[in-house]
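Undergrad: So I've got this file, final-v6.json, and it contains JSON, C-alpha atoms:
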[["chain", "number", "residue", "atom", "x", "y", "z"],
["A", 1, "MET", "CA", -90.56, 84.27, -16.03],
["A", 2, "THR", "CA", -91.21, 84.50, -12.31],
["A", 3, "PRO", "CA", -88.15, 84.94, -10.12],
["A", 4, "LEU", "CA", -87.36, 82.16, -7.70],
["A", 5, "PRO", "CA", -87.89, 82.86, -4.02],
["A", 6, "PRO", "CA", -84.71, 83.38, -2.02],
["A", 7, "ALA", "CA", -83.08, 80.14, -1.01],
["A", 8, "ARG", "CA", -83.41, 79.13, 2.60],
["A", 9, "PRO", "CA", -80.17, 78.48, 4.38],
["A", 10, "ALA", "CA", -79.51, 74.80, 4.86],
["A", 11, "PRO", "CA", -80.06, 73.63, 8.42],
["A", 12, "ALA", "CA", -76.90, 73.07, 10.37],
["A", 13, "PRO", "CA", -75.95, 69.42, 10.61],
["A", 14, "PRO", "CA", -76.49, 67.93, 14.04],
["A", 15, "ALA", "CA", -73.46, 68.18, 16.28],
["A", 16, "ARG", "CA", -71.43, 65.01, 16.48],
["A", 17, "PRO", "CA", -70.99, 64.10, 20.13],
["A", 18, "ARG", "CA", -67.37, 64.19, 21.29],
["A", 19, "ILE", "CA", -66.60, 61.08, 23.33],
["A", 20, "LEU", "CA", -63.34, 60.69, 25.22],
["A", 21, "LEU", "CA", -62.31, 57.10, 25.98],
["A", 22, "ALA", "CA", -59.44, 55.92, 28.16],
["A", 23, "LYS", "CA", -57.96, 52.93, 29.96],
["A", 24, "PRO", "CA", -56.83, 54.12, 33.41],
["A", 25, "GLY", "CA", -54.65, 52.09, 35.70],
["A", 26, "LEU", "CA", -52.20, 49.35, 34.86],
["A", 27, "ASP", "CA", -54.54, 47.13, 32.87],
["A", 28, "GLY", "CA", -52.89, 46.37, 29.52],
["A", 29, "HIS", "CA", -55.85, 44.83, 27.68],
["A", 30, "ASP", "CA", -57.56, 47.32, 25.37],
["A", 31, "ARG", "CA", -59.20, 45.26, 22.65],
["A", 32, "GLY", "CA", -62.71, 45.82, 24.06],
["A", 33, "ILE", "CA", -62.45, 49.60, 24.34],
["A", 34, "LYS", "CA", -61.08, 49.75, 20.79],
["A", 35, "VAL", "CA", -64.11, 47.81, 19.54],
["A", 36, "VAL", "CA", -66.38, 50.22, 21.42],
["A", 37, "ALA", "CA", -64.47, 53.20, 19.99],
["A", 38, "MET", "CA", -64.94, 51.95, 16.44],
["A", 39, "ALA", "CA", -68.63, 51.22, 17.01],
["A", 40, "LEU", "CA", -69.19, 54.73, 18.42],
["A", 41, "ARG", "CA", -67.30, 56.26, 15.50],
["A", 42, "ASP", "CA", -69.31, 54.21, 13.01],
["A", 43, "ALA", "CA", -72.50, 55.42, 14.73],
["A", 44, "GLY", "CA", -71.50, 59.06, 14.14],
["A", 45, "ALA", "CA", -69.58, 60.10, 17.24],
["A", 46, "GLU", "CA", -66.23, 61.84, 17.27],
["A", 47, "VAL", "CA", -64.05, 59.58, 19.42],
["A", 48, "ILE", "CA", -60.87, 60.63, 21.19],
["A", 49, "TYR", "CA", -59.02, 57.60, 22.58],
["A", 50, "LEU", "CA", -56.26, 58.31, 25.09],
["A", 51, "GLY", "CA", -54.95, 54.77, 25.10],
["A", 52, "LEU", "CA", -53.58, 52.53, 27.81],
["A", 53, "ARG", "CA", -52.48, 53.57, 31.28],
["A", 54, "ALA", "CA", -53.96, 57.06, 31.18],
["A", 55, "THR", "CA", -53.81, 58.74, 34.56],
["A", 56, "VAL", "CA", -56.82, 60.32, 36.20],
["A", 57, "ALA", "CA", -55.17, 63.73, 35.76],
["A", 58, "GLN", "CA", -54.57, 63.08, 32.05],
["A", 59, "ILE", "CA", -58.18, 62.02, 31.51],
["A", 60, "ALA", "CA", -59.58, 65.08, 33.30],
["A", 61, "ALA", "CA", -57.24, 67.45, 31.44],
["A", 62, "ALA", "CA", -58.09, 65.90, 28.07],
["A", 63, "ALA", "CA", -61.82, 66.01, 28.81],
["A", 64, "ALA", "CA", -61.55, 69.73, 29.54],
["A", 65, "ALA", "CA", -59.29, 70.48, 26.56],
["A", 66, "GLU", "CA", -61.42, 68.47, 24.12],
["A", 67, "ASP", "CA", -64.75, 69.77, 25.50],
["A", 68, "ALA", "CA", -65.91, 66.16, 25.72],
["A", 69, "ASP", "CA", -69.63, 65.47, 25.77],
["A", 70, "LEU", "CA", -68.99, 62.18, 27.57],
["A", 71, "ILE", "CA", -66.06, 60.37, 29.17],
["A", 72, "GLY", "CA", -65.86, 56.60, 29.05],
["A", 73, "ILE", "CA", -63.34, 54.43, 30.85],
["A", 74, "SER", "CA", -62.69, 50.71, 30.77],
["A", 75, "VAL", "CA", -61.38, 48.94, 33.85],
["A", 76, "LEU", "CA", -60.69, 45.21, 33.96],
["A", 77, "SER", "CA", -58.34, 45.18, 36.96],
["A", 78, "GLY", "CA", -60.93, 45.41, 39.73],
["A", 79, "ALA", "CA", -59.83, 48.93, 40.71],
["A", 80, "HIS", "CA", -62.96, 50.55, 39.24],
["A", 81, "LEU", "CA", -64.27, 52.05, 42.51],
["A", 82, "PRO", "CA", -61.14, 53.99, 43.60],
["A", 83, "ILE", "CA", -60.32, 55.02, 40.02],
["A", 84, "THR", "CA", -63.86, 56.29, 39.51],
["A", 85, "GLU", "CA", -63.86, 58.24, 42.79],
["A", 86, "GLN", "CA", -60.55, 59.88, 41.86],
["A", 87, "LEU", "CA", -61.67, 60.60, 38.30],
["A", 88, "LEU", "CA", -64.98, 62.18, 39.33],
["A", 89, "ALA", "CA", -63.10, 64.44, 41.76],
["A", 90, "ALA", "CA", -60.56, 65.38, 39.08],
["A", 91, "LEU", "CA", -63.32, 66.12, 36.56],
["A", 92, "ARG", "CA", -65.09, 68.39, 39.06],
["A", 93, "ALA", "CA", -61.81, 70.17, 39.84],
["A", 94, "ALA", "CA", -61.20, 70.69, 36.11],
["A", 95, "GLY", "CA", -64.71, 72.11, 35.64],
["A", 96, "VAL", "CA", -65.81, 69.24, 33.40],
["A", 97, "ASP", "CA", -69.56, 68.67, 33.48],
["A", 98, "ALA", "CA", -69.84, 65.65, 31.20],
["A", 99, "PRO", "CA", -71.30, 62.26, 32.09],
["A", 100, "LEU", "CA", -68.93, 59.44, 32.95],
["A", 101, "VAL", "CA", -69.58, 55.87, 31.86],
["A", 102, "ILE", "CA", -67.56, 52.82, 32.80],
["A", 103, "GLY", "CA", -67.21, 49.41, 31.26],
["A", 104, "GLY", "CA", -65.33, 46.29, 32.18],
["A", 105, "THR", "CA", -65.46, 43.62, 34.84],
["A", 106, "ILE", "CA", -67.97, 45.27, 37.14],
["A", 107, "PRO", "CA", -69.83, 43.10, 39.67],
["A", 108, "PRO", "CA", -73.55, 43.99, 40.05],
["A", 109, "ALA", "CA", -73.07, 45.30, 43.60],
["A", 110, "ASP", "CA", -70.29, 47.58, 42.39],
["A", 111, "ALA", "CA", -72.43, 48.82, 39.51],
["A", 112, "ALA", "CA", -74.92, 50.15, 42.03],
["A", 113, "ALA", "CA", -72.10, 51.75, 44.05],
["A", 114, "LEU", "CA", -70.71, 53.40, 40.89],
["A", 115, "ARG", "CA", -74.13, 54.86, 40.09],
["A", 116, "ARG", "CA", -74.38, 56.24, 43.63],
["A", 117, "LEU", "CA", -71.01, 57.95, 43.08],
["A", 118, "GLY", "CA", -72.46, 59.68, 40.02],
["A", 119, "VAL", "CA", -71.53, 57.41, 37.11],
["A", 120, "ALA", "CA", -74.12, 57.84, 34.34],
["A", 121, "GLY", "CA", -73.76, 54.38, 32.82],
["A", 122, "VAL", "CA", -72.22, 51.06, 33.75],
["A", 123, "PHE", "CA", -71.55, 48.47, 31.05],
["A", 124, "ALA", "CA", -70.38, 45.23, 32.62],
["A", 125, "MET", "CA", -68.84, 42.36, 30.68],
["A", 126, "GLY", "CA", -71.51, 40.78, 28.54],
["A", 127, "THR", "CA", -73.34, 44.01, 27.68],
["A", 128, "ALA", "CA", -74.38, 43.83, 24.03],
["A", 129, "LEU", "CA", -72.34, 46.27, 21.94],
["A", 130, "PRO", "CA", -75.40, 47.92, 20.31],
["A", 131, "ASP", "CA", -76.92, 48.51, 23.76],
["A", 132, "ALA", "CA", -73.73, 50.14, 25.06],
["A", 133, "VAL", "CA", -73.40, 52.29, 21.94],
["A", 134, "ASP", "CA", -77.04, 53.41, 22.01],
["A", 135, "ALA", "CA", -76.94, 54.30, 25.71],
["A", 136, "THR", "CA", -73.60, 56.11, 25.37],
["A", 137, "LEU", "CA", -74.77, 58.12, 22.37],
["A", 138, "ALA", "CA", -77.98, 59.06, 24.17],
["A", 139, "LEU", "CA", -76.02, 60.39, 27.15],
["A", 140, "ALA", "CA", -73.46, 62.20, 24.98],
["A", 141, "GLY", "CA", -76.13, 63.56, 22.63],
["A", 142, "ALA", "CA", -78.15, 64.98, 25.49],
["A", 143, "ARG", "CA", -75.12, 66.97, 26.67],
["A", 144, "ALA", "CA", -74.14, 68.00, 23.13],
["A", 145, "ALA", "CA", -77.66, 69.28, 22.48],
["A", 146, "ALA", "CA", -77.66, 71.24, 25.75],
["A", 147, "SER", "CA", -74.33, 72.94, 24.92]]
What do you get writing this file as structure tokens?

TA:
Amino acid sequence: MTPLPPARPAPAPPARPRILLAKPGLDGHDRGIKVVAMALRDAGAEVIYLGLRATVAQIAAAAAAEDADLIGISVLSGAHLPITEQLLAALRAAGVDAPLVIGGTIPPADAAALRRLGVAGVFAMGTALPDAVDATLALAGARAAAS
């Protein structure tokens, strides 16, 4: 009987992107971000949800501690521009180099301003859930693969 060749090691499973989600500010409505969190989880991502009223400092600290591949925030209050400016500064100060995406009630003119600030993705009300999930996973996966 001929001996079997040595077994090849199994390839490592692809890394699951780590996505940190939060609701900064005083907005108390989180149904949409919870739906997004479940859809991302069902699509294979590891989702860390900080919950309502997370501060910019809490989001930046959690992103660094969790080694997040992407940070996503939801803002329905209209304060998306100042919150985003503060969060991007806090992420830089914490040494976090992960893309930031934002969803919520974002007027088209503000979406362009958010992109100029450095936001990687803007998902305004009405964005189809599969489109938001696919785009978010692509951004997170690109960072996870580069790590």

Undergrad: Using all atoms listed in the file, which protein or nucleic acid residues come within 8 Å of Asp30 of chain A? Drop anything in the same chain fewer than 3 positions from it, and give the result as a tab-separated table (two decimals) with C-alpha atoms, keeping the file's coordinate frame.

TA:
chain	number	residue	atom	x	y	z
A	23	LYS	CA	-57.96	52.93	29.96
A	33	ILE	CA	-62.45	49.60	24.34
A	34	LYS	CA	-61.08	49.75	20.79
A	51	GLY	CA	-54.95	54.77	25.10
A	52	LEU	CA	-53.58	52.53	27.81

Undergrad: List the spatial neighbours of Leu117 of chain A as a PyMOL selection string - criterion: any atom at most 10 Å away, only C-alpha atoms, same-chain residues fewer than 3 positions off excluded.

TA: chain A and resi 81+84-85+88+111-114+120

Undergrad: So which one's closest to Leu129 of chain A, A:Ala39, A:Leu70, A:Val96, A:Ile59? Using all atoms listed in the file, please.

TA: A:Ala39

Undergrad: Rounded to one decimal place, report the atom CA of Leu76 of chain A-atom CA of Gly104 of chain A distance in Å.

TA: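 About the pair atom CA of Leu76 of chain A and atom CA of Gly104 of chain A: they are 5.1 Å apart.
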
Undergrad: Calculated over only C-alpha atoms, which of the candidates A:Val133, A:Ala45, A:Leu26, A:Val56 has the smallest distance to Val75 of chain A?

TA: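 Ranking A:Val133, A:Ala45, A:Leu26, A:Val56 by distance to Val75 of chain A, first place goes to A:Leu26.
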
Undergrad: Please determine the residues with any atom at most 6 Å from (-52.3, 54.1, 33.5) (coordinates as given in the file, with only C-alpha atoms counting) and report them as a list in words.

TA: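 Within the cut-off we find Pro24, Gly25, Leu26, Arg53, Ala54 and Thr55 of chain A.
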
Undergrad: Please produce a file of those selected residues containing C-alpha atoms, as a compact mmCIF listing (two decimals), in the frame of the given file.

TA:
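In the end it all went to result.txt:
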# COMPACT_ATOMS: atom_id res chain seq x y z
CA PRO A 24 -56.83 54.12 33.41
CA GLY A 25 -54.65 52.09 35.70
CA LEU A 26 -52.20 49.35 34.86
CA ARG A 53 -52.48 53.57 31.28
CA ALA A 54 -53.96 57.06 31.18
CA THR A 55 -53.81 58.74 34.56

Undergrad: Within 12 Å of (-68.1, 40.7, 29.1) (file coordinates; only C-alpha atoms), which protein or nucleic acid residues are there? I'd like them as a ChimeraX atom specification.

TA: /A:31-33,74-76,103-107,123-129,132

Undergrad: What does the distance from atom CA of Ala135 of chain A to atom CA of Ala90 of chain A come to in Å, to one decimal?

TA: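 Atom CA of Ala90 of chain A lies 23.9 Å from atom CA of Ala135 of chain A.
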
Undergrad: Go ahead and compute the interatomic distance for atom CA of Gly44 of chain A and atom CA of Arg8 of chain A, in Å to one decimal.

TA: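 Separation of atom CA of Gly44 of chain A and atom CA of Arg8 of chain A: 26.0 Å.
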
Undergrad: Contacts of Ala93 of chain A at 10 Å or less, counting all atoms listed in the file, minus same-chain residues fewer than 5 places along, as a PyMOL selection string?

TA: chain A and resi 60-61+87-88

Undergrad: Counting all atoms listed in the file, what is within 10 Å of Arg41 of chain A, bar same-chain residues fewer than 6 positions away, as a ChimeraX atom specification?

TA: /A:16-19,35,47-48,133

Undergrad: Taking into account only C-alpha atoms, which residue in the set A:Ala109, A:Val36, A:Ala79, A:Leu20 is nearest to Ala63 of chain A?

TA: A:Leu20

Undergrad: Of the candidates A:Val101, A:Met38, A:Ala142, A:Val119, which shows the shortest atom-to-atom distance to Gly72 of chain A, using all atoms listed in the file?

TA: A:Val101

Undergrad: Take segment 31-42 of chain A, bring it up to all heavy atoms, and give me the output as an mmCIF file, in the coordinates of the input.

TA:
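Writing the result to result-v7.cif gives the following:
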data_model
loop_
_atom_site.group_PDB
_atom_site.id
_atom_site.type_symbol
_atom_site.label_atom_id
_atom_site.label_comp_id
_atom_site.auth_asym_id
_atom_site.auth_seq_id
_atom_site.Cartn_x
_atom_site.Cartn_y
_atom_site.Cartn_z
ATOM 1 N N ARG A 31 -58.452 45.679 23.842
ATOM 2 C CA ARG A 31 -59.200 45.260 22.650
ATOM 3 C C ARG A 31 -60.671 45.681 22.744
ATOM 4 O O ARG A 31 -61.234 46.194 21.785
ATOM 5 C CB ARG A 31 -59.098 43.755 22.456
ATOM 6 C CG ARG A 31 -59.723 43.309 21.150
ATOM 7 C CD ARG A 31 -59.435 41.873 20.838
ATOM 8 N NE ARG A 31 -58.001 41.681 20.782
ATOM 9 C CZ ARG A 31 -57.412 40.496 20.784
ATOM 10 N NH1 ARG A 31 -58.132 39.410 20.841
ATOM 11 N NH2 ARG A 31 -56.111 40.399 20.730
ATOM 12 N N GLY A 32 -61.285 45.486 23.909
ATOM 13 C CA GLY A 32 -62.710 45.820 24.060
ATOM 14 C C GLY A 32 -62.995 47.295 23.869
ATOM 15 O O GLY A 32 -63.948 47.667 23.171
ATOM 16 N N ILE A 33 -62.192 48.161 24.466
ATOM 17 C CA ILE A 33 -62.450 49.600 24.340
ATOM 18 C C ILE A 33 -62.206 50.065 22.898
ATOM 19 O O ILE A 33 -62.864 50.980 22.412
ATOM 20 C CB ILE A 33 -61.650 50.426 25.359
ATOM 21 C CG1 ILE A 33 -62.247 51.835 25.472
ATOM 22 C CG2 ILE A 33 -60.182 50.463 25.015
ATOM 23 C CD1 ILE A 33 -61.748 52.633 26.645
ATOM 24 N N LYS A 34 -61.293 49.402 22.190
ATOM 25 C CA LYS A 34 -61.080 49.750 20.790
ATOM 26 C C LYS A 34 -62.285 49.347 19.937
ATOM 27 O O LYS A 34 -62.666 50.063 19.011
ATOM 28 C CB LYS A 34 -59.805 49.102 20.265
ATOM 29 C CG LYS A 34 -58.542 49.766 20.791
ATOM 30 C CD LYS A 34 -57.305 49.091 20.256
ATOM 31 C CE LYS A 34 -56.046 49.787 20.723
ATOM 32 N NZ LYS A 34 -54.832 49.081 20.265
ATOM 33 N N VAL A 35 -62.897 48.225 20.249
ATOM 34 C CA VAL A 35 -64.110 47.810 19.540
ATOM 35 C C VAL A 35 -65.230 48.808 19.816
ATOM 36 O O VAL A 35 -65.951 49.230 18.901
ATOM 37 C CB VAL A 35 -64.528 46.373 19.954
ATOM 38 C CG1 VAL A 35 -65.922 46.031 19.447
ATOM 39 C CG2 VAL A 35 -63.512 45.363 19.449
ATOM 40 N N VAL A 36 -65.366 49.227 21.064
ATOM 41 C CA VAL A 36 -66.380 50.220 21.420
ATOM 42 C C VAL A 36 -66.097 51.548 20.707
ATOM 43 O O VAL A 36 -67.010 52.179 20.174
ATOM 44 C CB VAL A 36 -66.450 50.420 22.956
ATOM 45 C CG1 VAL A 36 -67.329 51.603 23.323
ATOM 46 C CG2 VAL A 36 -66.958 49.144 23.627
ATOM 47 N N ALA A 37 -64.832 51.952 20.667
ATOM 48 C CA ALA A 37 -64.470 53.200 19.990
ATOM 49 C C ALA A 37 -64.862 53.162 18.522
ATOM 50 O O ALA A 37 -65.424 54.129 17.988
ATOM 51 C CB ALA A 37 -62.972 53.468 20.139
ATOM 52 N N MET A 38 -64.580 52.055 17.855
ATOM 53 C CA MET A 38 -64.940 51.950 16.440
ATOM 54 C C MET A 38 -66.450 51.940 16.241
ATOM 55 O O MET A 38 -66.958 52.552 15.305
ATOM 56 C CB MET A 38 -64.299 50.698 15.834
ATOM 57 C CG MET A 38 -62.794 50.842 15.650
ATOM 58 S SD MET A 38 -62.035 49.453 14.787
ATOM 59 C CE MET A 38 -62.130 48.183 16.033
ATOM 60 N N ALA A 39 -67.166 51.264 17.122
ATOM 61 C CA ALA A 39 -68.630 51.220 17.010
ATOM 62 C C ALA A 39 -69.230 52.614 17.223
ATOM 63 O O ALA A 39 -70.164 53.013 16.513
ATOM 64 C CB ALA A 39 -69.210 50.222 18.004
ATOM 65 N N LEU A 40 -68.700 53.362 18.194
ATOM 66 C CA LEU A 40 -69.190 54.730 18.420
ATOM 67 C C LEU A 40 -68.873 55.624 17.225
ATOM 68 O O LEU A 40 -69.702 56.417 16.792
ATOM 69 C CB LEU A 40 -68.568 55.307 19.693
ATOM 70 C CG LEU A 40 -69.089 54.725 21.004
ATOM 71 C CD1 LEU A 40 -68.185 55.120 22.163
ATOM 72 C CD2 LEU A 40 -70.520 55.185 21.256
ATOM 73 N N ARG A 41 -67.675 55.483 16.681
ATOM 74 C CA ARG A 41 -67.300 56.260 15.500
ATOM 75 C C ARG A 41 -68.208 55.920 14.317
ATOM 76 O O ARG A 41 -68.701 56.797 13.618
ATOM 77 C CB ARG A 41 -65.842 55.971 15.134
ATOM 78 C CG ARG A 41 -65.357 56.769 13.919
ATOM 79 C CD ARG A 41 -64.237 56.103 13.180
ATOM 80 N NE ARG A 41 -64.668 54.784 12.730
ATOM 81 C CZ ARG A 41 -63.854 53.771 12.523
ATOM 82 N NH1 ARG A 41 -62.566 53.894 12.740
ATOM 83 N NH2 ARG A 41 -64.300 52.606 12.100
ATOM 84 N N ASP A 42 -68.460 54.632 14.109
ATOM 85 C CA ASP A 42 -69.310 54.210 13.010
ATOM 86 C C ASP A 42 -70.752 54.680 13.188
ATOM 87 O O ASP A 42 -71.481 54.839 12.212
ATOM 88 C CB ASP A 42 -69.284 52.685 12.859
ATOM 89 C CG ASP A 42 -67.941 52.165 12.372
ATOM 90 O OD1 ASP A 42 -67.095 52.990 11.934
ATOM 91 O OD2 ASP A 42 -67.718 50.939 12.442
#
